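Only one structure is covered here, and it is reproduced in the block below.
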Amino acid sequence: MSTTVTNDDSLTTNIQITESAQGYLADLLAKQDTDGIGVRIFVEHPGTPRAECCMAYNQHGEEDDADIRLDYDHFTAFIEASSVPYLEDAIIDYNKDRFGGQLTFRAPNSKVPQVGDDASIEERINYVLQAEINPNLAAHGGNVQLLELVDDEAGLTAVLKFGGGCQGCSAVDMTLRQGVEVQLKQQVPELMHVVDDTDHTRTENAYYQ
């Protein structure tokens with residue numbers, strides 16, 4: 001069963017830690033022989049292609065007041081507040097095998113940008129890339145991601161990297177100028193320039209040679 005819990009700020013999470021995973025985590029924490037130790041669950045680089053779901057030990061008192069607290073029979077899990085939208089429908093499971101077993105963490109929304117009224121420019125760019133541009137590039141086996149934002153006298157510049165079928169593709173400049181750049185500037189008007197930092201000398205996966 002999934003667990004839906006709301007904290008004092010009405011922040012809600014819907015995350016499933018299976019019974020087998022609960023048992024594994026309880027045994028693991030018991031071996032630490034530390035009173036009040038729990039687990040902290042969070043996402044690094046949320047809403048980007050580099051998103052990574054993480055768990056760490058949480059010593060008593062290390063939790064934040066904004067965290068969502070999940071109390072299980074033998075341990076407590078703390079969900080980092082800023083990671084909550086990216087952990088919606090996440091499942092933490094433990095599967096035994098002949099080598100002992102493996103803990104798995106599946107979070108289908110971890111790489112999906114969350115764009116609200118207070119979203120940063122980086123979050124808005126990632127949203128356009130992941131929600132609108134990459135689904136089109138996927139038809140050619142390609143993708144694009146934001147490497148960095150540069151803000152200098154020339155204005156705000158998005159530095160992109162193409163991958164898959166777009167890397168080394170002979171049509172990538174047209175894709176950048178007539179497609180990606182136009183769409184990004186329309187939806188993120190603060191953006192002045194879009195540049196490509198891909199190594200296009202590698203053409204083995206290129207859609208057009």
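Ordering of the structure tokens sets the chain letters (A, B, ...); residue numbers start at 1 within each chain; ligands are numbered from 1 in the order shown.
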With only C-alpha atoms counted and 12 Å as the cut-off, give the residues of stretch 139-173 of chain A in contact with stretch 50-63 of chain A, each with its shortest interatomic distance in Å and the pair that gives it, as CSV.
residue,atom,partner,partner_atom,distance
A:Gln145,CA,A:Arg50,CA,9.4
A:Leu146,CA,A:Arg50,CA,10.3
A:Leu147,CA,A:Arg50,CA,10.4
Apply DSSP to the structure's backbone, then extract all residues of stretch 16-183 of chain A labelled strand (DSSP E) and return them as a ChimeraX atom specification.
-> /A:16-17,38-44,52-58,68-71,76-79,90-95,102-106,142-152,155-164
Tell me, as a list in words, which residues lie within 10 Å of stretch 135-138 of chain A, counting only C-alpha atoms; anything in the same chain fewer than 4 positions away does not count.
->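 The residues that qualify are Leu129, Gln130, Ala131, Gly142, Asn143, Val144, Phe162, Gly163, Gly164, Gly165, Cys166, Thr175 and Val180 of chain A.
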Excluding stretch 31-46 of chain A and residues on its chain fewer than 2 positions from it, collect all residues at most 10 Å away from it, counting only C-alpha atoms, and give them as a PyMOL selection string.
-> chain A and resi 25-29+48-63+67-71+74-87+107+109-114+123
Selection export as a CSV table (one decimal), in the first residue's frame, atoms kept: C-alpha atoms:
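The resulting file, result.csv, is reproduced below:
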chain,number,residue,atom,x,y,z
A,25,LEU,CA,15.5,-1.1,6.2
A,26,ALA,CA,14.6,-2.0,9.8
A,27,ASP,CA,17.3,-4.6,10.0
A,28,LEU,CA,19.8,-2.3,8.4
A,29,LEU,CA,19.1,0.5,10.9
A,48,THR,CA,16.4,17.0,-14.7
A,49,PRO,CA,17.8,14.1,-16.7
A,50,ARG,CA,20.4,13.8,-14.0
A,51,ALA,CA,17.8,13.2,-11.2
A,52,GLU,CA,18.9,10.6,-8.7
A,53,CYS,CA,16.8,9.1,-5.9
A,54,CYS,CA,18.7,8.8,-2.7
A,55,MET,CA,18.4,7.5,0.8
A,56,ALA,CA,20.7,8.3,3.7
A,57,TYR,CA,20.9,7.7,7.4
A,58,ASN,CA,19.0,10.3,9.5
A,59,GLN,CA,20.4,10.7,13.0
A,60,HIS,CA,18.0,11.9,15.6
A,61,GLY,CA,17.6,15.7,15.3
A,62,GLU,CA,18.9,15.9,11.7
A,63,GLU,CA,15.4,16.1,10.2
A,67,ASP,CA,10.1,17.2,6.2
A,68,ILE,CA,7.2,14.8,5.9
A,69,ARG,CA,7.5,12.1,8.6
A,70,LEU,CA,6.5,8.5,7.9
A,71,ASP,CA,6.3,6.3,11.0
A,74,HIS,CA,10.5,-0.3,13.5
A,75,PHE,CA,11.8,2.9,12.0
A,76,THR,CA,10.9,6.4,10.8
A,77,ALA,CA,11.4,7.8,7.3
A,78,PHE,CA,11.7,11.5,6.6
A,79,ILE,CA,10.9,12.9,3.1
A,80,GLU,CA,12.7,16.0,2.1
A,81,ALA,CA,10.0,18.7,1.5
A,82,SER,CA,11.6,20.0,-1.7
A,83,SER,CA,11.7,16.5,-3.2
A,84,VAL,CA,8.1,15.6,-2.5
A,85,PRO,CA,6.7,16.5,-5.9
A,86,TYR,CA,9.3,14.4,-7.6
A,87,LEU,CA,8.6,11.3,-5.4
A,107,ALA,CA,10.3,7.2,-9.0
A,109,ASN,CA,8.3,11.6,-11.7
A,110,SER,CA,11.9,12.3,-10.4
A,111,LYS,CA,13.0,13.6,-13.8
A,112,VAL,CA,9.8,15.5,-14.7
A,113,PRO,CA,10.2,19.2,-14.1
A,114,GLN,CA,7.7,20.8,-11.7
A,123,GLU,CA,13.2,24.8,-14.0
Write out as an NGL selection string all residues of stretch 20-144 of chain A that DSSP puts in alpha helix (DSSP H) for this structure's backbone.
-> :A and (20-30 or 121-128 or 134-137)
Between A:Gly155, A:Gly168, A:Gly141, A:Gly179, which has the minimum distance to A:His193 (counting only C-alpha atoms)?
->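 Looking at the shortest contact to A:His193, the residue is A:Gly155.
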Residue with smallest distance to A:Arg124 - pool A:Asp65, A:Ala158, A:Met174, A:Ile17, counting only C-alpha atoms = A:Ala158
Nearest to A:Glu19, chosen from A:Met192, A:Glu153, A:Leu103, A:Gln187, with only C-alpha atoms counted in the distances =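 Closest to A:Glu19 of all the choices is A:Leu103.
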Close residues, A:Asp197 itself excluded, 7 Å, only C-alpha atoms, min 2 positions apart in chain, as a list in words |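 Selected residues are Val159, Leu160, Lys161, Val195 and Asp199 of chain A.
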Can I get the selected residues back with C-alpha atoms, as a PDB file, in the first residue's frame?
ATOM      1  CA  VAL A 159      24.132  26.029 -22.903  1.00  0.00           C
ATOM      2  CA  LEU A 160      22.694  22.795 -24.267  1.00  0.00           C
ATOM      3  CA  LYS A 161      24.007  19.325 -25.011  1.00  0.00           C
ATOM      4  CA  VAL A 195      24.248  27.633 -27.717  1.00  0.00           C
ATOM      5  CA  ASP A 199      30.886  17.172 -29.360  1.00  0.00           C
TER       6      ASP A 199
END
Please, what distance in Å, to one decimal, runs between atom CA of A:Tyr127 and atom CA of A:Ser170?
-> 26.2 Å
Within 9 Å of A:Ala21, counting only C-alpha atoms, which residues qualify if same-chain residues fewer than 6 places away don't, as a VMD selection string?
-> chain A and resid 92 to 95 103 to 104
Counting only C-alpha atoms, the residue of A:His200, A:Lys185, A:Arg177, A:Arg106 that sits nearest A:Leu156 = A:Lys185
Mind pulling up the distance from atom CA of A:Glu132 to atom CA of A:Ala90?
-> 23.3 Å
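When atom CA of A:Gln102 is paired with atom CA of A:Asp64, their separation reads 28.6 Å.
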